[in-house]
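Just work.cif here, mmCIF, C-alpha atoms and all ligand atoms:
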data_data
loop_
_atom_site.label_atom_id
_atom_site.label_comp_id
_atom_site.auth_asym_id
_atom_site.auth_seq_id
_atom_site.Cartn_x
_atom_site.Cartn_y
_atom_site.Cartn_z
CA LEU A 1 -23.71 9.45 12.98
CA MET A 2 -22.72 5.95 12.02
CA ALA A 3 -22.24 3.71 15.04
CA ARG A 4 -19.39 1.27 15.00
CA LYS A 5 -20.03 -2.28 13.93
CA LYS A 6 -19.70 -5.07 16.46
CA ILE A 7 -17.69 -8.15 15.60
CA ALA A 8 -18.03 -11.19 17.87
CA LEU A 9 -15.36 -13.87 17.72
CA ILE A 10 -16.39 -17.20 19.24
CA GLY A 11 -13.20 -19.04 20.16
CA ALA A 12 -10.14 -17.10 21.33
CA GLY A 13 -7.48 -19.58 20.30
CA GLN A 14 -4.90 -19.22 17.55
CA ILE A 15 -7.31 -18.13 14.82
CA GLY A 16 -9.61 -16.20 17.18
CA GLY A 17 -6.74 -14.12 18.55
CA THR A 18 -5.47 -13.36 15.05
CA LEU A 19 -9.01 -12.41 13.96
CA ALA A 20 -9.22 -10.00 16.89
CA LEU A 21 -5.93 -8.36 15.95
CA LEU A 22 -6.84 -8.03 12.24
CA THR A 23 -10.36 -6.77 12.97
CA ALA A 24 -8.98 -4.06 15.24
CA GLN A 25 -6.09 -3.12 12.95
CA LYS A 26 -8.50 -2.73 10.04
CA GLU A 27 -11.03 -0.93 12.27
CA LEU A 28 -13.84 -3.12 11.00
CA GLY A 29 -15.61 -2.55 14.29
CA ASP A 30 -15.40 -3.14 18.03
CA VAL A 31 -14.38 -6.66 18.99
CA VAL A 32 -15.90 -9.08 21.49
CA LEU A 33 -13.67 -12.11 21.97
CA PHE A 34 -15.43 -15.10 23.57
CA ASP A 35 -14.05 -18.37 24.89
CA VAL A 36 -15.03 -20.96 27.48
CA VAL A 37 -11.50 -20.88 28.92
CA ASP A 38 -11.73 -18.02 31.41
CA GLY A 39 -8.89 -15.52 31.24
CA VAL A 40 -7.69 -16.23 27.70
CA PRO A 41 -10.17 -14.01 25.84
CA GLN A 42 -9.76 -11.29 28.47
CA GLY A 43 -5.97 -11.52 28.31
CA LYS A 44 -5.79 -11.45 24.52
CA ALA A 45 -8.29 -8.59 24.29
CA LEU A 46 -6.27 -6.52 26.78
CA ASP A 47 -2.99 -7.30 25.04
CA ILE A 48 -4.36 -6.25 21.62
CA ALA A 49 -5.99 -3.13 23.12
CA GLN A 50 -2.57 -2.17 24.43
CA SER A 51 -1.17 -2.39 20.89
CA ALA A 52 -3.63 0.30 19.72
CA PRO A 53 -1.55 3.33 20.76
CA ALA A 54 1.45 2.06 18.80
CA GLN A 55 -0.67 1.18 15.79
CA GLY A 56 -3.17 4.00 15.91
CA PHE A 57 -6.47 2.13 15.76
CA ASP A 58 -9.52 3.02 17.83
CA SER A 59 -11.46 -0.25 17.83
CA THR A 60 -12.22 -1.41 21.36
CA LEU A 61 -11.78 -4.99 22.53
CA LYS A 62 -13.55 -6.98 25.21
CA GLY A 63 -12.78 -10.52 26.31
CA THR A 64 -15.59 -12.58 27.79
CA SER A 65 -16.93 -16.01 28.72
CA GLU A 66 -20.54 -14.91 28.64
CA TYR A 67 -22.70 -15.10 25.55
CA LYS A 68 -24.72 -12.05 26.54
CA ASP A 69 -21.71 -9.91 25.62
CA ILE A 70 -22.12 -10.79 21.92
CA GLU A 71 -25.57 -9.22 21.95
CA GLY A 72 -26.40 -7.38 18.74
CA ALA A 73 -23.21 -8.42 16.92
CA ASP A 74 -23.19 -7.56 13.21
CA VAL A 75 -20.73 -10.32 12.37
CA VAL A 76 -19.92 -13.50 14.29
CA ILE A 77 -16.87 -15.56 13.34
CA VAL A 78 -16.73 -19.04 14.85
CA THR A 79 -13.48 -20.89 15.54
CA ALA A 80 -14.59 -22.63 18.74
CA GLY A 81 -13.59 -26.26 18.99
CA VAL A 82 -10.42 -28.25 18.60
CA PRO A 83 -7.90 -28.17 15.75
CA ARG A 84 -5.91 -31.05 14.19
CA LYS A 85 -2.74 -32.57 15.54
CA PRO A 86 -0.25 -34.39 13.29
CA GLY A 87 -1.73 -37.61 11.93
CA MET A 88 -5.33 -36.46 12.43
CA SER A 89 -7.72 -35.77 9.59
CA ARG A 90 -10.22 -32.92 9.79
CA ASP A 91 -12.94 -35.56 10.03
CA ASP A 92 -11.49 -36.87 13.32
CA LEU A 93 -12.73 -33.63 14.91
CA LEU A 94 -16.37 -34.24 14.03
CA GLU A 95 -17.83 -35.53 17.29
CA ILE A 96 -16.21 -33.01 19.66
CA ASN A 97 -16.78 -30.01 17.42
CA LEU A 98 -20.41 -30.94 16.71
CA LYS A 99 -21.15 -30.53 20.45
CA VAL A 100 -19.38 -27.18 20.38
CA MET A 101 -21.50 -26.05 17.40
CA GLU A 102 -24.66 -26.86 19.39
CA GLN A 103 -23.60 -24.51 22.22
CA VAL A 104 -22.39 -21.80 19.85
CA GLY A 105 -25.56 -22.06 17.73
CA ALA A 106 -27.72 -21.54 20.84
CA GLY A 107 -25.67 -18.51 21.90
CA ILE A 108 -25.96 -16.90 18.46
CA ALA A 109 -29.70 -17.65 18.23
CA LYS A 110 -30.29 -15.96 21.58
CA TYR A 111 -28.03 -12.93 21.33
CA ALA A 112 -27.10 -12.27 17.69
CA PRO A 113 -29.89 -13.58 15.46
CA ASP A 114 -29.34 -10.81 12.89
CA ALA A 115 -25.61 -11.41 12.49
CA PHE A 116 -23.71 -12.59 9.45
CA VAL A 117 -22.04 -15.77 10.69
CA ILE A 118 -18.80 -17.15 9.30
CA CYS A 119 -17.80 -20.61 10.50
CA ILE A 120 -14.18 -21.79 10.41
CA THR A 121 -14.36 -24.82 12.72
CA ASN A 122 -13.49 -28.16 11.07
CA PRO A 123 -14.58 -30.40 9.48
CA LEU A 124 -15.73 -27.20 7.83
CA ASP A 125 -18.58 -28.09 5.49
CA ALA A 126 -20.32 -30.36 8.03
CA MET A 127 -19.79 -27.92 10.93
CA VAL A 128 -21.24 -24.93 9.08
CA TRP A 129 -24.19 -27.10 8.06
CA ALA A 130 -24.75 -28.06 11.72
CA LEU A 131 -24.24 -24.48 12.95
CA GLN A 132 -26.95 -23.21 10.60
CA LYS A 133 -29.34 -25.88 11.91
CA PHE A 134 -28.48 -25.30 15.58
CA SER A 135 -28.72 -21.50 15.28
CA GLY A 136 -31.80 -21.47 13.08
CA LEU A 137 -30.48 -18.39 11.24
CA PRO A 138 -31.35 -18.04 7.55
CA ALA A 139 -28.94 -20.02 5.36
CA ASN A 140 -27.79 -16.90 3.47
CA LYS A 141 -26.47 -15.52 6.78
CA VAL A 142 -24.45 -18.60 7.80
CA ILE A 143 -21.50 -19.50 5.62
CA GLY A 144 -18.19 -21.32 5.92
CA MET A 145 -14.64 -20.14 5.28
CA ALA A 146 -12.45 -22.59 3.38
CA GLY A 147 -12.34 -21.67 -0.30
CA VAL A 148 -10.72 -18.28 0.27
CA LEU A 149 -7.93 -20.01 2.19
CA ASP A 150 -7.58 -22.85 -0.31
CA SER A 151 -7.41 -20.40 -3.21
CA SER A 152 -4.98 -18.14 -1.31
CA ARG A 153 -2.67 -21.10 -0.91
CA PHE A 154 -2.98 -21.87 -4.61
CA VAL A 155 -2.28 -18.24 -5.54
CA HIS A 156 0.72 -18.07 -3.21
CA PHE A 157 2.34 -21.13 -4.81
CA ILE A 158 1.63 -19.97 -8.39
CA ALA A 159 2.90 -16.43 -7.77
CA GLU A 160 6.02 -17.75 -6.06
CA GLU A 161 6.73 -20.19 -8.90
CA LEU A 162 6.28 -17.61 -11.68
CA GLY A 163 7.85 -14.70 -9.81
CA VAL A 164 4.78 -12.47 -10.20
CA SER A 165 2.70 -10.43 -7.76
CA VAL A 166 -0.01 -12.28 -5.86
CA GLN A 167 -2.25 -9.41 -6.94
CA ASP A 168 -2.14 -10.61 -10.54
CA VAL A 169 -2.99 -14.24 -9.80
CA ASN A 170 -6.58 -15.37 -9.40
CA ALA A 171 -7.47 -18.89 -8.33
CA PHE A 172 -10.74 -20.74 -8.62
CA VAL A 173 -11.39 -23.55 -6.15
CA LEU A 174 -14.59 -25.57 -5.84
CA GLY A 175 -15.88 -28.26 -3.51
CA GLY A 176 -15.51 -29.18 0.14
CA HIS A 177 -12.54 -28.20 2.27
CA GLY A 178 -10.00 -30.95 2.37
CA ASP A 179 -8.48 -33.62 0.26
CA THR A 180 -11.32 -33.60 -2.26
CA MET A 181 -11.24 -29.87 -3.02
CA VAL A 182 -11.27 -29.08 -6.73
CA PRO A 183 -8.84 -26.40 -7.98
CA LEU A 184 -10.03 -25.39 -11.47
CA THR A 185 -6.91 -24.62 -13.48
CA ARG A 186 -8.74 -23.41 -16.58
CA TYR A 187 -10.50 -20.73 -14.51
CA SER A 188 -7.37 -19.80 -12.55
CA THR A 189 -5.43 -17.01 -14.17
CA VAL A 190 -2.27 -14.90 -14.18
CA ALA A 191 -3.14 -11.40 -15.43
CA GLY A 192 -6.20 -12.92 -17.06
CA ILE A 193 -4.28 -15.76 -18.77
CA PRO A 194 -5.69 -19.18 -17.77
CA LEU A 195 -3.15 -21.53 -16.16
CA THR A 196 -3.85 -24.03 -18.92
CA ASP A 197 -2.53 -21.40 -21.39
CA ILE A 198 0.40 -20.61 -19.09
CA VAL A 199 1.39 -24.28 -19.50
CA LYS A 200 0.89 -24.11 -23.32
CA MET A 201 3.07 -20.98 -23.43
CA GLY A 202 5.78 -22.94 -21.64
CA TRP A 203 5.86 -20.57 -18.68
CA MET A 204 5.20 -23.45 -16.28
CA SER A 205 5.38 -27.19 -16.90
CA LYS A 206 2.31 -29.38 -16.61
CA GLU A 207 4.11 -31.41 -13.93
CA LYS A 208 4.87 -28.31 -11.87
CA LEU A 209 1.24 -27.20 -12.08
CA GLU A 210 0.06 -30.65 -10.96
CA GLU A 211 2.53 -30.54 -8.10
CA ILE A 212 1.16 -27.15 -7.02
CA VAL A 213 -2.42 -28.41 -7.21
CA GLN A 214 -1.51 -31.33 -4.94
CA ARG A 215 0.44 -29.09 -2.55
CA THR A 216 -2.63 -26.84 -2.34
CA ARG A 217 -4.84 -29.81 -1.45
CA ASP A 218 -2.36 -30.82 1.24
CA GLY A 219 -1.77 -27.21 2.30
CA GLY A 220 -3.33 -27.60 5.74
CA ALA A 221 -1.48 -30.84 6.52
CA GLU A 222 1.84 -29.29 5.49
CA ILE A 223 1.42 -26.59 8.15
CA VAL A 224 0.17 -29.05 10.78
CA GLY A 225 3.29 -31.13 10.13
CA LEU A 226 5.54 -28.13 10.65
CA LEU A 227 3.79 -26.63 13.69
CA LYS A 228 3.11 -29.98 15.39
CA THR A 229 0.95 -28.39 18.11
CA GLY A 230 -1.93 -27.07 16.03
CA SER A 231 -2.98 -25.99 12.56
CA ALA A 232 -2.66 -22.90 10.36
CA PHE A 233 -4.03 -19.68 11.78
CA TYR A 234 -2.68 -16.54 10.11
CA ALA A 235 -4.00 -17.30 6.61
CA PRO A 236 -7.30 -18.78 7.85
CA ALA A 237 -7.92 -15.61 9.89
CA ALA A 238 -7.01 -13.29 7.00
CA SER A 239 -9.36 -15.25 4.72
CA ALA A 240 -12.35 -14.92 7.05
CA ILE A 241 -11.62 -11.21 7.46
CA ALA A 242 -11.91 -10.76 3.67
CA MET A 243 -15.36 -12.35 3.82
CA ALA A 244 -16.46 -10.25 6.81
CA GLU A 245 -15.24 -7.08 5.11
CA SER A 246 -17.17 -7.84 1.94
CA TYR A 247 -20.34 -8.18 4.03
CA LEU A 248 -19.76 -5.12 6.23
CA LYS A 249 -18.87 -2.84 3.32
CA ASP A 250 -21.32 -4.42 0.86
CA LYS A 251 -18.39 -4.94 -1.50
CA LYS A 252 -20.08 -7.81 -3.34
CA ARG A 253 -16.83 -9.66 -3.79
CA VAL A 254 -17.08 -13.05 -5.45
CA LEU A 255 -15.47 -15.35 -2.90
CA PRO A 256 -15.42 -19.15 -2.80
CA SER A 257 -17.38 -20.01 0.35
CA ALA A 258 -19.22 -22.97 1.82
CA VAL A 259 -22.90 -22.19 1.35
CA GLN A 260 -26.12 -24.14 1.46
CA LEU A 261 -26.95 -25.08 -2.11
CA ASN A 262 -30.51 -25.08 -3.26
CA GLY A 263 -30.31 -26.90 -6.56
CA GLU A 264 -27.22 -25.06 -7.87
CA TYR A 265 -24.61 -27.46 -9.20
CA GLY A 266 -27.25 -30.18 -8.86
CA VAL A 267 -26.97 -30.16 -5.04
CA LYS A 268 -29.77 -29.55 -2.52
CA GLY A 269 -29.43 -28.84 1.20
CA THR A 270 -25.75 -29.66 1.55
CA TYR A 271 -23.13 -27.02 2.32
CA VAL A 272 -20.27 -27.03 -0.16
CA GLY A 273 -17.71 -24.59 -1.49
CA VAL A 274 -18.76 -22.56 -4.55
CA PRO A 275 -18.18 -18.97 -5.73
CA VAL A 276 -20.60 -16.63 -3.97
CA ILE A 277 -21.32 -12.91 -4.09
CA ILE A 278 -20.98 -11.61 -0.52
CA GLY A 279 -22.67 -8.28 0.23
CA ALA A 280 -25.00 -6.63 2.70
CA GLY A 281 -27.51 -9.43 2.06
CA GLY A 282 -25.01 -12.06 3.19
CA ALA A 283 -24.44 -14.84 0.68
CA GLU A 284 -26.37 -13.05 -2.06
CA LYS A 285 -25.90 -15.23 -5.10
CA VAL A 286 -24.16 -18.44 -6.08
CA VAL A 287 -22.18 -18.16 -9.31
CA GLU A 288 -22.85 -21.32 -11.25
CA ILE A 289 -20.36 -22.26 -13.94
CA ALA A 290 -20.52 -25.13 -16.40
CA LEU A 291 -18.19 -27.95 -15.41
CA ASN A 292 -16.59 -30.37 -17.85
CA SER A 293 -16.94 -34.06 -17.14
CA SER A 294 -13.73 -34.51 -15.15
CA GLU A 295 -14.44 -31.40 -13.07
CA GLN A 296 -18.00 -32.59 -12.46
CA LYS A 297 -16.67 -35.96 -11.35
CA ALA A 298 -14.22 -34.36 -8.92
CA PHE A 299 -16.95 -32.02 -7.62
CA ASP A 300 -19.41 -34.90 -7.13
CA LYS A 301 -16.77 -36.83 -5.20
CA SER A 302 -16.22 -33.81 -2.96
CA VAL A 303 -19.96 -33.37 -2.38
CA GLY A 304 -20.20 -37.09 -1.56
CA ALA A 305 -17.50 -36.73 1.10
CA VAL A 306 -19.37 -33.80 2.71
CA GLU A 307 -22.68 -35.70 2.59
CA GLY A 308 -21.02 -38.60 4.39
CA LEU A 309 -19.98 -36.29 7.22
CA ILE A 310 -23.45 -34.74 7.41
CA GLU A 311 -24.94 -38.23 7.78
CA ALA A 312 -22.44 -38.90 10.59
CA CYS A 313 -23.61 -35.67 12.32
CA LYS A 314 -27.24 -36.80 12.11
CA LYS A 315 -26.34 -40.12 13.74
CA ILE A 316 -24.55 -38.41 16.62
CA GLN A 317 -27.25 -35.76 17.07
CA PRO A 318 -30.68 -37.07 15.95
CA LYS A 319 -32.10 -33.57 16.44
CA LEU A 320 -30.32 -32.66 13.18
CA ALA A 321 -31.97 -35.37 11.08
P1 LIG A 401 -7.42 -23.35 18.98
O1 LIG A 401 -6.23 -22.49 19.07
O2 LIG A 401 -7.44 -24.62 19.75
O3 LIG A 401 -8.69 -22.47 19.40
C1 LIG A 401 -9.95 -23.01 19.57
C2 LIG A 401 -10.56 -22.33 20.78
O4 LIG A 401 -11.91 -22.78 20.91
C3 LIG A 401 -9.85 -22.64 22.10
O5 LIG A 401 -9.39 -21.44 22.70
C4 LIG A 401 -10.94 -23.31 22.94
O6 LIG A 401 -10.87 -22.98 24.31
C5 LIG A 401 -12.19 -22.77 22.30
N1 LIG A 401 -13.38 -23.58 22.59
C6 LIG A 401 -13.48 -24.93 22.74
N2 LIG A 401 -14.75 -25.27 23.02
C7 LIG A 401 -15.47 -24.12 23.02
C8 LIG A 401 -16.83 -23.83 23.23
N3 LIG A 401 -17.72 -24.80 23.51
N4 LIG A 401 -17.22 -22.54 23.16
C9 LIG A 401 -16.33 -21.55 22.88
N5 LIG A 401 -15.03 -21.78 22.67
C10 LIG A 401 -14.60 -23.05 22.74
O7 LIG A 401 -7.73 -23.72 17.45
P2 LIG A 401 -7.52 -22.80 16.15
O8 LIG A 401 -7.94 -21.43 16.47
O9 LIG A 401 -6.16 -23.06 15.60
O10 LIG A 401 -8.57 -23.50 15.15
C11 LIG A 401 -9.95 -23.39 15.38
C12 LIG A 401 -10.74 -24.29 14.44
O11 LIG A 401 -10.53 -23.87 13.10
C13 LIG A 401 -10.34 -25.77 14.47
O12 LIG A 401 -11.50 -26.58 14.42
C14 LIG A 401 -9.54 -25.94 13.20
O13 LIG A 401 -9.55 -27.26 12.71
C15 LIG A 401 -10.26 -25.00 12.28
N6 LIG A 401 -9.52 -24.56 11.09
C16 LIG A 401 -10.22 -24.47 9.93
C17 LIG A 401 -9.59 -24.05 8.76
C18 LIG A 401 -10.38 -23.96 7.50
O14 LIG A 401 -9.85 -23.57 6.49
C19 LIG A 401 -11.76 -24.34 7.48
C20 LIG A 401 -8.23 -23.73 8.79
C21 LIG A 401 -7.54 -23.83 9.99
C22 LIG A 401 -8.20 -24.25 11.15
#
This entry written out as C-alpha cells:
Amino acid sequence: LMARKKIALIGAGQIGGTLALLTAQKELGDVVLFDVVDGVPQGKALDIAQSAPAQGFDSTLKGTSEYKDIEGADVVIVTAGVPRKPGMSRDDLLEINLKVMEQVGAGIAKYAPDAFVICITNPLDAMVWALQKFSGLPANKVIGMAGVLDSSRFVHFIAEELGVSVQDVNAFVLGGHGDTMVPLTRYSTVAGIPLTDIVKMGWMSKEKLEEIVQRTRDGGAEIVGLLKTGSAFYAPAASAIAMAESYLKDKKRVLPSAVQLNGEYGVKGTYVGVPVIIGAGGAEKVVEIALNSSEQKAFDKSVGAVEGLIEACKKIQPKLA
C-alpha cells in the first residue's frame, strides 16, 4: 500500500489557492493550505474540495492557521508574504517578507524537516536563501521557483510569434529572478533548432527576438500593470507544480531553479537560478554550461544583484550574517 503524499502550502493567497487547486486536480497528494488570515485557507480548501465531485479527484484538502497541521509534509510550497503593486519592484518587498520567512522557516523546521521546500515569495533569490537559513534544512531540499516561470514566459512568446506548439519550444534562462535574468538564446530551441539559427534562417528577425527577450524580463511587471491589485499567479503556480511533481515522481527533470551554488558557475553560498536536476534527492545536480563572455557578464551582474539583496537581509536580521 502506498500512502498518499502530503503537500503543505504556506500562504493561501492568489498563488496558494491556485497551487491547492492544481495539486488536487493532479492528485499529487492531500493538501494542507495554511495562512495567518483565519478563514481564508479553510474557505478555499472547502471550495476546492467541493469541486472534486465534478472533476473526479480524490485528494483531500484542509485549511488551517496552525503549523502543526503541516506535520510530516513531503513537499512544502511557500508563497507567504506580500506581492507587488504597480510601481513596486520585487526588492521593495524585502523587509516585510524576510520577517515572514523567519516564521515560516521555524514552522517547517519544527513540523516538516524532511520536506522538499519550494519558495516562491519575492524577492525570490534572497527569500529562498533566508528560508534555507531560518529552516536549517539541507540546501538541496530548499529551492526557489523563478526560472521555470521565466522560461515559460519566453516559450509562450516564441511559440506565439512562430505559430508553433509550446511543446516544441525549449527555453534556457539563467540568473536571478527579475530584471537581470539572462535568457540564453543560443541554448533556446524550436524543435532542436537554436533561436540564433532561427534568426539566421529568417524565420524571426533579430529585432523581434530582442523584443521578446525584453518582454520576458518584464513579464512580471506587465501582469502587475494589467491586474493592478497583485501579481501573476496562474503561471507561477503551474511552474512550482512542475518542480514538485519532478521531486515526488523522481522524474529528474532539468528545470531552471534557484539553488545554493557551491562553486558552480564560480559562485559560492549564494542562491541563483541555474539548470538543476530535480528528483527524489531534491536538487540533485547543477548542470554547468560554458558561458561566452557576454553571457558571463550578464550572469555576474545578476549574481551581484542577488548578493546585494542578501547583504540587505543580513543587515535587517543579524542572525543571518
Ligand atoms: P497574496 O495573494 O497576497 O498571498 C500571500 C498570502 O500570504 C496572503 O494570503 C497572506 O495572508 C499570507 N501571509 C502573509 N504573511 C504570512 C505569514 N507570516 N505566514 C503565512 N502566510 C502569510 O500573494 P500571491 O499569492 O499573489 O504572491 C505570493 C508571493 O509570491 C509574493 O511575494 C509575490 O511577490 C511572489 N511571486 C513570486 C513569483 C516568482 O516568480 C518568484 C511570481 C509571482 C509572485
>> Using all atoms listed in the file, can you tell me which of A:Ser188, A:Ser152, A:Thr180, A:Gln55 comes closest to A:Lys301?
In response: A:Thr180
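For ligand LIG 401 (chain A), the set of protein, DNA and RNA residues within 6 Å, based on only C-alpha atoms and all ligand atoms, reads Ile10, Gly11, Ala12, Gly13, Gln14, Ile15, Gly16, Asp35, Val36, Val37, Thr79, Ala80, Gly81, Val82, Pro83, Arg84, Val100, Ile120, Thr121, Asn122, Leu124, Met145, Ala146, Leu149, Gly230, Ser231, Ala232, Phe233 and Pro236 of chain A.
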Would you save the residues from that selection as an mmCIF file, in the frame of the given file, using C-alpha atoms?
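again14.cif written:
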data_model
loop_
_atom_site.group_PDB
_atom_site.id
_atom_site.type_symbol
_atom_site.label_atom_id
_atom_site.label_comp_id
_atom_site.auth_asym_id
_atom_site.auth_seq_id
_atom_site.Cartn_x
_atom_site.Cartn_y
_atom_site.Cartn_z
ATOM 1 C CA ILE A 10 -16.390 -17.200 19.240
ATOM 2 C CA GLY A 11 -13.200 -19.040 20.160
ATOM 3 C CA ALA A 12 -10.140 -17.100 21.330
ATOM 4 C CA GLY A 13 -7.480 -19.580 20.300
ATOM 5 C CA GLN A 14 -4.900 -19.220 17.550
ATOM 6 C CA ILE A 15 -7.310 -18.130 14.820
ATOM 7 C CA GLY A 16 -9.610 -16.200 17.180
ATOM 8 C CA ASP A 35 -14.050 -18.370 24.890
ATOM 9 C CA VAL A 36 -15.030 -20.960 27.480
ATOM 10 C CA VAL A 37 -11.500 -20.880 28.920
ATOM 11 C CA THR A 79 -13.480 -20.890 15.540
ATOM 12 C CA ALA A 80 -14.590 -22.630 18.740
ATOM 13 C CA GLY A 81 -13.590 -26.260 18.990
ATOM 14 C CA VAL A 82 -10.420 -28.250 18.600
ATOM 15 C CA PRO A 83 -7.900 -28.170 15.750
ATOM 16 C CA ARG A 84 -5.910 -31.050 14.190
ATOM 17 C CA VAL A 100 -19.380 -27.180 20.380
ATOM 18 C CA ILE A 120 -14.180 -21.790 10.410
ATOM 19 C CA THR A 121 -14.360 -24.820 12.720
ATOM 20 C CA ASN A 122 -13.490 -28.160 11.070
ATOM 21 C CA LEU A 124 -15.730 -27.200 7.830
ATOM 22 C CA MET A 145 -14.640 -20.140 5.280
ATOM 23 C CA ALA A 146 -12.450 -22.590 3.380
ATOM 24 C CA LEU A 149 -7.930 -20.010 2.190
ATOM 25 C CA GLY A 230 -1.930 -27.070 16.030
ATOM 26 C CA SER A 231 -2.980 -25.990 12.560
ATOM 27 C CA ALA A 232 -2.660 -22.900 10.360
ATOM 28 C CA PHE A 233 -4.030 -19.680 11.780
ATOM 29 C CA PRO A 236 -7.300 -18.780 7.850
#
>> Need the shell around A:Val164: protein/DNA/RNA residues with any atom at most 10 Å away, counting all atoms listed in the file. Skip same-chain ones fewer than 6 positions apart. Format as a PyMOL selection string?
In response: chain A and resi 156+158+190-191
>> Given the point (-15.5, -14.1, 6.1) in the file's coordinates, find the residues that have an atom at most 10 Å from it, counting only C-alpha atoms, and give them as a list in words.
In response: Val75, Val76, Ile77, Phe116, Val117, Ile118, Cys119, Ile120, Ile143, Gly144, Met145, Ala146, Val148, Pro236, Ala237, Ala238, Ser239, Ala240, Ile241, Ala242, Met243, Ala244, Glu245, Ser246, Tyr247, Leu248, Leu255, Ser257 and Ile278 of chain A
>> Which residue is closest to A:Ile198? Choose from A:Asp58, A:Val274, A:Leu162, A:Thr216 and count all atoms listed in the file.
In response: A:Leu162
>> Is it possible to get the residues within 8 Å of (-22.0, -10.5, -1.1) (coordinates as in the file, counting only C-alpha atoms) written as a ChimeraX atom specification?
In response: /A:246-247,250-254,276-285
>> Please compute the atom CA of A:Gly175-atom CA of A:Lys297 distance, one decimal, in Å.
In response: 11.0 Å
